[in-house]
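Source file: start36.pdb (PDB, C-alpha atoms)
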```pdb
ATOM      1  CA  MET G  93    -171.935-114.967 -49.551
ATOM      2  CA  LEU G  94    -171.155-111.319 -50.284
ATOM      3  CA  ARG G  95    -168.355-112.384 -52.619
ATOM      4  CA  ALA G  96    -170.811-114.567 -54.593
ATOM      5  CA  VAL G  97    -173.328-111.726 -54.887
ATOM      6  CA  LEU G  98    -170.660-109.290 -56.062
ATOM      7  CA  ALA G  99    -169.393-111.827 -58.591
ATOM      8  CA  ALA G 100    -172.930-112.307 -59.919
ATOM      9  CA  VAL G 101    -173.495-108.549 -60.239
ATOM     10  CA  LEU G 102    -170.166-108.135 -62.019
ATOM     11  CA  ALA G 103    -170.996-110.998 -64.381
ATOM     12  CA  VAL G 104    -174.379-109.488 -65.280
ATOM     13  CA  THR G 105    -172.888-106.027 -65.718
ATOM     14  CA  THR G 106    -170.054-107.283 -67.907
ATOM     15  CA  THR G 107    -172.157-109.693 -69.950
ATOM     16  CA  PHE G 108    -175.195-107.546 -70.522
ATOM     17  CA  GLY G 109    -173.851-104.012 -70.317
ATOM     18  CA  VAL G 110    -176.176-103.207 -67.433
ATOM     19  CA  ILE G 111    -175.294-100.074 -65.532
ATOM     20  CA  LEU G 112    -176.153-100.386 -61.863
ATOM     21  CA  PRO G 113    -175.694 -97.101 -60.013
ATOM     22  CA  THR G 114    -174.220 -97.414 -56.562
ATOM     23  CA  ALA G 115    -175.526 -95.553 -53.537
ATOM     24  CA  ALA G 116    -172.779 -92.976 -54.057
ATOM     25  CA  THR G 117    -173.803 -92.379 -57.689
ATOM     26  CA  ALA G 118    -177.561 -92.717 -57.510
ATOM     27  CA  GLY G 119    -178.389 -89.216 -58.743
ATOM     28  CA  PRO G 120    -179.784 -88.506 -62.199
ATOM     29  CA  ILE G 121    -176.599 -86.816 -63.405
ATOM     30  CA  GLU G 122    -174.444 -89.805 -62.512
ATOM     31  CA  GLU G 123    -177.005 -92.226 -63.930
ATOM     32  CA  ARG G 124    -177.176 -90.482 -67.297
ATOM     33  CA  GLN G 125    -173.377 -90.199 -67.379
ATOM     34  CA  ALA G 126    -173.154 -93.962 -66.812
ATOM     35  CA  ILE G 127    -175.592 -94.542 -69.684
ATOM     36  CA  MET G 128    -173.554 -92.297 -71.981
ATOM     37  CA  LYS G 129    -170.306 -93.994 -70.949
ATOM     38  CA  ALA G 130    -171.830 -97.355 -71.872
ATOM     39  CA  ASN G 131    -173.062 -95.888 -75.187
ATOM     40  CA  GLY G 132    -169.525 -94.668 -75.870
ATOM     41  CA  ARG G 133    -168.094 -98.098 -75.126
ATOM     42  CA  ASP G 134    -170.620 -99.729 -77.456
ATOM     43  CA  THR G 135    -169.996 -97.136 -80.170
ATOM     44  CA  LYS G 136    -166.267 -97.829 -80.036
ATOM     45  CA  MET G 137    -166.813-101.608 -80.204
ATOM     46  CA  GLY G 138    -169.236-101.263 -83.110
ATOM     47  CA  GLY G 139    -167.008 -98.832 -84.954
ATOM     48  CA  ASP G 140    -164.010-101.114 -84.497
ATOM     49  CA  MET G 141    -165.957-104.027 -85.992
ATOM     50  CA  LEU G 142    -167.063-101.954 -88.967
ATOM     51  CA  LYS G 143    -163.531-100.632 -89.572
ATOM     52  CA  GLY G 144    -162.127-104.145 -89.405
ATOM     53  CA  ALA G 145    -160.034-103.381 -86.321
ATOM     54  CA  THR G 146    -161.812-106.290 -84.627
ATOM     55  CA  PRO G 147    -163.562-109.180 -86.364
ATOM     56  CA  PHE G 148    -167.305-108.884 -86.932
ATOM     57  CA  ASP G 149    -169.279-110.922 -84.429
ATOM     58  CA  ALA G 150    -173.058-111.071 -84.874
ATOM     59  CA  ALA G 151    -173.761-111.780 -81.202
ATOM     60  CA  THR G 152    -171.712-108.769 -80.123
ATOM     61  CA  ALA G 153    -173.277-106.592 -82.816
ATOM     62  CA  ASN G 154    -176.779-107.527 -81.699
ATOM     63  CA  LYS G 155    -175.878-106.952 -78.043
ATOM     64  CA  ILE G 156    -174.606-103.471 -78.924
ATOM     65  CA  LEU G 157    -177.904-102.669 -80.647
ATOM     66  CA  ALA G 158    -179.911-104.081 -77.729
ATOM     67  CA  ASN G 159    -177.842-101.965 -75.329
ATOM     68  CA  TYR G 160    -178.576 -98.839 -77.380
ATOM     69  CA  ALA G 161    -182.303 -99.617 -77.365
ATOM     70  CA  ALA G 162    -182.320-100.122 -73.596
ATOM     71  CA  ALA G 163    -180.337 -96.923 -73.082
ATOM     72  CA  ALA G 164    -182.667 -94.936 -75.328
ATOM     73  CA  LYS G 165    -185.671 -96.164 -73.390
ATOM     74  CA  ALA G 166    -184.144 -95.321 -69.988
ATOM     75  CA  PHE G 167    -182.300 -92.123 -70.866
ATOM     76  CA  PRO G 168    -185.065 -89.463 -70.866
ATOM     77  CA  ALA G 169    -186.081 -90.249 -67.279
ATOM     78  CA  HIS G 170    -182.675 -89.114 -66.041
ATOM     79  CA  PHE G 171    -183.301 -85.424 -66.759
ATOM     80  CA  PRO G 172    -185.745 -84.357 -64.048
ATOM     81  CA  ALA G 173    -186.219 -80.703 -63.147
ATOM     82  CA  GLY G 174    -183.325 -79.495 -61.047
ATOM     83  CA  SER G 175    -180.770 -81.880 -62.546
ATOM     84  CA  ASN G 176    -179.318 -79.183 -64.750
ATOM     85  CA  THR G 177    -176.764 -78.011 -62.194
ATOM     86  CA  GLY G 178    -173.592 -79.682 -61.042
ATOM     87  CA  GLU G 179    -171.064 -81.657 -63.064
ATOM     88  CA  THR G 180    -173.154 -82.076 -66.187
ATOM     89  CA  GLU G 181    -172.867 -81.429 -69.892
ATOM     90  CA  ALA G 182    -176.637 -81.317 -70.301
ATOM     91  CA  ALA G 183    -177.597 -78.105 -72.096
ATOM     92  CA  PRO G 184    -180.320 -75.800 -70.794
ATOM     93  CA  ALA G 185    -182.301 -76.544 -73.989
ATOM     94  CA  ILE G 186    -183.349 -79.883 -72.464
ATOM     95  CA  TRP G 187    -185.475 -77.983 -69.956
ATOM     96  CA  SER G 188    -186.196 -74.780 -71.928
ATOM     97  CA  LYS G 189    -187.324 -76.623 -75.084
ATOM     98  CA  PRO G 190    -189.035 -79.726 -73.699
ATOM     99  CA  ALA G 191    -190.938 -80.477 -76.918
ATOM    100  CA  ASP G 192    -187.693 -80.523 -78.912
ATOM    101  CA  TRP G 193    -186.031 -82.738 -76.282
ATOM    102  CA  LYS G 194    -188.991 -85.111 -76.274
ATOM    103  CA  ALA G 195    -188.917 -85.321 -80.084
ATOM    104  CA  ALA G 196    -185.165 -86.032 -80.101
ATOM    105  CA  THR G 197    -185.435 -88.764 -77.486
ATOM    106  CA  ALA G 198    -188.482 -90.285 -79.205
ATOM    107  CA  LYS G 199    -186.522 -90.436 -82.477
ATOM    108  CA  PHE G 200    -183.578 -92.051 -80.683
ATOM    109  CA  GLN G 201    -185.928 -94.624 -79.155
ATOM    110  CA  ALA G 202    -187.576 -95.400 -82.502
ATOM    111  CA  ASP G 203    -184.263 -95.616 -84.362
ATOM    112  CA  THR G 204    -182.643 -97.870 -81.764
ATOM    113  CA  ALA G 205    -185.673-100.171 -81.654
ATOM    114  CA  ALA G 206    -185.700-100.404 -85.466
ATOM    115  CA  ALA G 207    -181.950-101.060 -85.532
ATOM    116  CA  ALA G 208    -182.195-103.805 -82.925
ATOM    117  CA  ALA G 209    -185.100-105.374 -84.817
ATOM    118  CA  LEU G 210    -182.859-105.845 -87.873
ATOM    119  CA  LYS G 211    -180.898-108.508 -85.935
ATOM    120  CA  PRO G 212    -177.899-108.263 -88.255
ATOM    121  CA  THR G 213    -175.960-111.394 -89.111
ATOM    122  CA  ASP G 214    -173.344-109.672 -91.256
ATOM    123  CA  ALA G 215    -171.256-106.510 -91.156
ATOM    124  CA  ALA G 216    -173.199-104.779 -93.932
ATOM    125  CA  THR G 217    -176.526-105.092 -92.134
ATOM    126  CA  PHE G 218    -174.897-104.136 -88.842
ATOM    127  CA  GLY G 219    -173.419-101.061 -90.555
ATOM    128  CA  LYS G 220    -176.897 -99.993 -91.649
ATOM    129  CA  ALA G 221    -178.333-100.538 -88.152
ATOM    130  CA  PHE G 222    -175.349 -98.886 -86.455
ATOM    131  CA  GLY G 223    -175.715 -95.866 -88.747
ATOM    132  CA  MET G 224    -179.409 -95.534 -87.863
ATOM    133  CA  VAL G 225    -178.455 -95.280 -84.213
ATOM    134  CA  THR G 226    -175.342 -93.139 -84.389
ATOM    135  CA  ALA G 227    -176.987 -90.572 -86.660
ATOM    136  CA  ASN G 228    -178.792 -89.449 -83.512
ATOM    137  CA  CYS G 229    -175.554 -88.727 -81.650
ATOM    138  CA  LYS G 230    -174.488 -85.630 -83.565
ATOM    139  CA  SER G 231    -177.888 -83.946 -83.622
ATOM    140  CA  CYS G 232    -178.510 -84.547 -79.935
ATOM    141  CA  HIS G 233    -175.009 -83.568 -78.864
ATOM    142  CA  GLU G 234    -175.191 -80.364 -80.908
ATOM    143  CA  GLY G 235    -178.554 -79.257 -79.552
ATOM    144  CA  PHE G 236    -178.656 -80.683 -76.054
ATOM    145  CA  ARG G 237    -175.063 -80.943 -74.834
ATOM    146  CA  ILE G 238    -172.552 -78.403 -73.581
ATOM    147  CA  LYS G 239    -169.077 -79.477 -74.612
ATOM    148  CA  LYS G 240    -166.737 -78.982 -71.684
ATOM    149  CA  GLY G 241    -162.967 -79.052 -71.798
TER     150      GLY G 241
END
```
Exercise: express the given structure as structure tokens:
Amino acid sequence: MLRAVLAAVLAVTTTFGVILPTAATAGPIEERQAIMKANGRDTKMGGDMLKGATPFDAATANKILANYAAAAKAFPAHFPAGSNTGETEAAPAIWSKPADWKAATAKFQADTAAAAALKPTDAATFGKAFGMVTANCKSCHEGFRIKKG
């Protein structure tokens, strides 16, 4: 029975990009790191399709955009007060400039929703949608992330 449940969870996680924190990683820092790791995976897959390193696949492209939209919606909740210490790259500006943080996350949410709504069927349209999403990465990482290492 346990084996069947674990197989089902793995299938959902692999198929839909769902990040399910375990009891050992249930804190907000670990949860947001899992979201960012999934975003990185999706960014690499999307970039590889657009560079021609892997063939364009509309279903995969749309899943990437849906994953971004889900991540954008969930992400802001993983920065509660007190989660700015520990193994994190979150910059103090998230908590010291809450209006700026809220505006950045709202833009990310709007851009990812708009990108997903395009439902691209070709690489050109996916490139436009992908660009709408990834344009947020640099601005957010510059203002709200401490680069370590």
(message) Which residue is closest to Phe236 in chain G? Choose from G:Ala198, G:Met128, G:Ile186, G:Leu142 and count all atoms listed in the file.
(response) G:Ile186
(request) Step by step, work through what the PyMOL selection byres ((chain G and resi 157-166) around 9) selects in the shown file, and finish by giving those residues as number ranges by chain. (result) G: 108-110, 124, 127-128, 130-131, 134, 152-156, 167-170, 197-198, 200-209, 211, 218, 221-222, 225
(message) For a quick check of understanding, using only C-alpha atoms, which of G:Ala126, G:Ala216, G:Ala183, G:Met224 has the smallest distance to Asp149 in chain G?
(response) G:Ala216
(request) In Å, rounded to a single decimal, give me how far CA of Lys129 in chain G is from CA of Pro190 in chain G. (result) 23.7 Å
(request) Write out as a list in words which residues come within 12 Å of Ser188 in chain G when counting all atoms listed in the file, dropping same-chain ones fewer than 6 positions away. (result) Ala173, Asn176, Ala182, Lys194, Gly235 and Phe236 of chain G
(request) Mind giving me the straight-line distance from CA of Gly144 in chain G to CA of Ser231 in chain G in Å, one decimal? (result)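 One can read the CA of Gly144 in chain G to CA of Ser231 in chain G distance as 26.3 Å.
You can rank G:Glu123, G:Ala151, G:Thr177, G:Ala227 by their closest distance to Thr213 in chain G using all atoms listed in the file, and at the top of that list sits G:Ala151.
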(message) Please report the interatomic distance between CA of Lys136 in chain G and CA of Lys220 in chain G in Å with one decimal.
(response)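 CA of Lys220 in chain G lies at a distance of 15.9 Å from CA of Lys136 in chain G.
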(request) Pick out the closest residue to Ile121 in chain G from this set: G:Pro212, G:Pro172, G:Gly223, G:Pro184. Count only C-alpha atoms. (result)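 Of G:Pro212, G:Pro172, G:Gly223, G:Pro184, the one nearest Ile121 in chain G is G:Pro172, counting only C-alpha atoms.
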(request) Go through G:Phe148, G:Ala196, G:Gly174, G:Met141 one by one, measure the shortest atom-to-atom distance of each to Asp214 in chain G using only C-alpha atoms, and give the residue with the smallest value. (result) G:Phe148
(message) When you count only C-alpha atoms, which of these residues is closest to Cys229 in chain G: G:Thr146, G:Lys199, G:Trp187, G:Thr217?
(response)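 The closest residue to Cys229 in chain G is G:Lys199.
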Output, as AutoDock Vina command-line options, the centre and edge lengths in Å (one decimal) of the axis-aligned box that contains all listed atoms of range 129-137 of chain G with 3 Å of margin on each side.
```
--center_x -169.7 --center_y -97.8 --center_z -75.6 --size_x 12.8 --size_y 13.6 --size_z 15.3
```
Restore N, CA and C atoms in range 148-177 of chain G and list the result as a PDB file, keeping the file's coordinate frame.
```pdb
ATOM      1  N   PHE G 148    -165.864-109.008 -87.122  1.00  0.00           N
ATOM      2  CA  PHE G 148    -167.305-108.884 -86.932  1.00  0.00           C
ATOM      3  C   PHE G 148    -167.809-110.109 -86.181  1.00  0.00           C
ATOM      4  N   ASP G 149    -168.649-109.857 -85.190  1.00  0.00           N
ATOM      5  CA  ASP G 149    -169.279-110.922 -84.429  1.00  0.00           C
ATOM      6  C   ASP G 149    -170.756-110.566 -84.294  1.00  0.00           C
ATOM      7  N   ALA G 150    -171.623-111.378 -84.857  1.00  0.00           N
ATOM      8  CA  ALA G 150    -173.058-111.071 -84.874  1.00  0.00           C
ATOM      9  C   ALA G 150    -173.639-110.966 -83.469  1.00  0.00           C
ATOM     10  N   ALA G 151    -173.227-111.831 -82.567  1.00  0.00           N
ATOM     11  CA  ALA G 151    -173.761-111.780 -81.202  1.00  0.00           C
ATOM     12  C   ALA G 151    -173.394-110.460 -80.529  1.00  0.00           C
ATOM     13  N   THR G 152    -172.150-110.038 -80.708  1.00  0.00           N
ATOM     14  CA  THR G 152    -171.712-108.769 -80.123  1.00  0.00           C
ATOM     15  C   THR G 152    -172.438-107.607 -80.782  1.00  0.00           C
ATOM     16  N   ALA G 153    -172.580-107.658 -82.090  1.00  0.00           N
ATOM     17  CA  ALA G 153    -173.277-106.592 -82.816  1.00  0.00           C
ATOM     18  C   ALA G 153    -174.712-106.458 -82.326  1.00  0.00           C
ATOM     19  N   ASN G 154    -175.389-107.573 -82.162  1.00  0.00           N
ATOM     20  CA  ASN G 154    -176.779-107.527 -81.699  1.00  0.00           C
ATOM     21  C   ASN G 154    -176.868-107.069 -80.250  1.00  0.00           C
ATOM     22  N   LYS G 155    -175.892-107.411 -79.426  1.00  0.00           N
ATOM     23  CA  LYS G 155    -175.878-106.952 -78.043  1.00  0.00           C
ATOM     24  C   LYS G 155    -175.673-105.448 -77.999  1.00  0.00           C
ATOM     25  N   ILE G 156    -174.821-104.920 -78.850  1.00  0.00           N
ATOM     26  CA  ILE G 156    -174.606-103.471 -78.924  1.00  0.00           C
ATOM     27  C   ILE G 156    -175.925-102.777 -79.254  1.00  0.00           C
ATOM     28  N   LEU G 157    -176.634-103.287 -80.253  1.00  0.00           N
ATOM     29  CA  LEU G 157    -177.904-102.669 -80.647  1.00  0.00           C
ATOM     30  C   LEU G 157    -178.951-102.784 -79.540  1.00  0.00           C
ATOM     31  N   ALA G 158    -178.982-103.912 -78.853  1.00  0.00           N
ATOM     32  CA  ALA G 158    -179.911-104.081 -77.729  1.00  0.00           C
ATOM     33  C   ALA G 158    -179.560-103.117 -76.596  1.00  0.00           C
ATOM     34  N   ASN G 159    -178.266-102.927 -76.358  1.00  0.00           N
ATOM     35  CA  ASN G 159    -177.842-101.965 -75.329  1.00  0.00           C
ATOM     36  C   ASN G 159    -178.296-100.561 -75.679  1.00  0.00           C
ATOM     37  N   TYR G 160    -178.121-100.167 -76.946  1.00  0.00           N
ATOM     38  CA  TYR G 160    -178.576 -98.839 -77.380  1.00  0.00           C
ATOM     39  C   TYR G 160    -180.082 -98.691 -77.150  1.00  0.00           C
ATOM     40  N   ALA G 161    -180.847 -99.700 -77.516  1.00  0.00           N
ATOM     41  CA  ALA G 161    -182.303 -99.617 -77.365  1.00  0.00           C
ATOM     42  C   ALA G 161    -182.696 -99.479 -75.899  1.00  0.00           C
ATOM     43  N   ALA G 162    -182.038-100.229 -75.034  1.00  0.00           N
ATOM     44  CA  ALA G 162    -182.320-100.122 -73.596  1.00  0.00           C
ATOM     45  C   ALA G 162    -181.927 -98.745 -73.068  1.00  0.00           C
ATOM     46  N   ALA G 163    -180.787 -98.250 -73.516  1.00  0.00           N
ATOM     47  CA  ALA G 163    -180.337 -96.923 -73.082  1.00  0.00           C
ATOM     48  C   ALA G 163    -181.302 -95.836 -73.549  1.00  0.00           C
ATOM     49  N   ALA G 164    -181.747 -95.936 -74.787  1.00  0.00           N
ATOM     50  CA  ALA G 164    -182.667 -94.936 -75.328  1.00  0.00           C
ATOM     51  C   ALA G 164    -183.976 -94.911 -74.547  1.00  0.00           C
ATOM     52  N   LYS G 165    -184.428 -96.075 -74.155  1.00  0.00           N
ATOM     53  CA  LYS G 165    -185.671 -96.164 -73.390  1.00  0.00           C
ATOM     54  C   LYS G 165    -185.505 -95.549 -72.004  1.00  0.00           C
ATOM     55  N   ALA G 166    -184.369 -95.792 -71.353  1.00  0.00           N
ATOM     56  CA  ALA G 166    -184.144 -95.321 -69.988  1.00  0.00           C
ATOM     57  C   ALA G 166    -183.683 -93.864 -69.911  1.00  0.00           C
ATOM     58  N   PHE G 167    -183.001 -93.402 -70.916  1.00  0.00           N
ATOM     59  CA  PHE G 167    -182.300 -92.123 -70.866  1.00  0.00           C
ATOM     60  C   PHE G 167    -183.166 -90.917 -70.509  1.00  0.00           C
ATOM     61  N   PRO G 168    -184.303 -90.684 -71.138  1.00  0.00           N
ATOM     62  CA  PRO G 168    -185.065 -89.463 -70.866  1.00  0.00           C
ATOM     63  C   PRO G 168    -185.468 -89.284 -69.401  1.00  0.00           C
ATOM     64  N   ALA G 169    -185.655 -90.341 -68.682  1.00  0.00           N
ATOM     65  CA  ALA G 169    -186.081 -90.249 -67.279  1.00  0.00           C
ATOM     66  C   ALA G 169    -184.998 -89.676 -66.373  1.00  0.00           C
ATOM     67  N   HIS G 170    -183.790 -89.580 -66.861  1.00  0.00           N
ATOM     68  CA  HIS G 170    -182.675 -89.114 -66.041  1.00  0.00           C
ATOM     69  C   HIS G 170    -182.404 -87.619 -66.190  1.00  0.00           C
ATOM     70  N   PHE G 171    -183.415 -86.874 -66.612  1.00  0.00           N
ATOM     71  CA  PHE G 171    -183.301 -85.424 -66.759  1.00  0.00           C
ATOM     72  C   PHE G 171    -184.440 -84.708 -66.039  1.00  0.00           C
ATOM     73  N   PRO G 172    -184.657 -85.023 -64.767  1.00  0.00           N
ATOM     74  CA  PRO G 172    -185.745 -84.357 -64.048  1.00  0.00           C
ATOM     75  C   PRO G 172    -185.415 -82.885 -63.802  1.00  0.00           C
ATOM     76  N   ALA G 173    -186.429 -82.105 -63.504  1.00  0.00           N
ATOM     77  CA  ALA G 173    -186.219 -80.703 -63.147  1.00  0.00           C
ATOM     78  C   ALA G 173    -185.222 -80.635 -62.003  1.00  0.00           C
ATOM     79  N   GLY G 174    -184.327 -79.671 -62.088  1.00  0.00           N
ATOM     80  CA  GLY G 174    -183.325 -79.495 -61.047  1.00  0.00           C
ATOM     81  C   GLY G 174    -182.046 -80.272 -61.269  1.00  0.00           C
ATOM     82  N   SER G 175    -181.999 -81.111 -62.301  1.00  0.00           N
ATOM     83  CA  SER G 175    -180.770 -81.880 -62.546  1.00  0.00           C
ATOM     84  C   SER G 175    -179.903 -81.217 -63.613  1.00  0.00           C
ATOM     85  N   ASN G 176    -180.086 -79.926 -63.750  1.00  0.00           N
ATOM     86  CA  ASN G 176    -179.318 -79.183 -64.750  1.00  0.00           C
ATOM     87  C   ASN G 176    -178.148 -78.429 -64.124  1.00  0.00           C
ATOM     88  N   THR G 177    -177.894 -78.651 -62.843  1.00  0.00           N
ATOM     89  CA  THR G 177    -176.764 -78.011 -62.194  1.00  0.00           C
ATOM     90  C   THR G 177    -175.822 -79.092 -61.673  1.00  0.00           C
TER      91      THR G 177
END
```
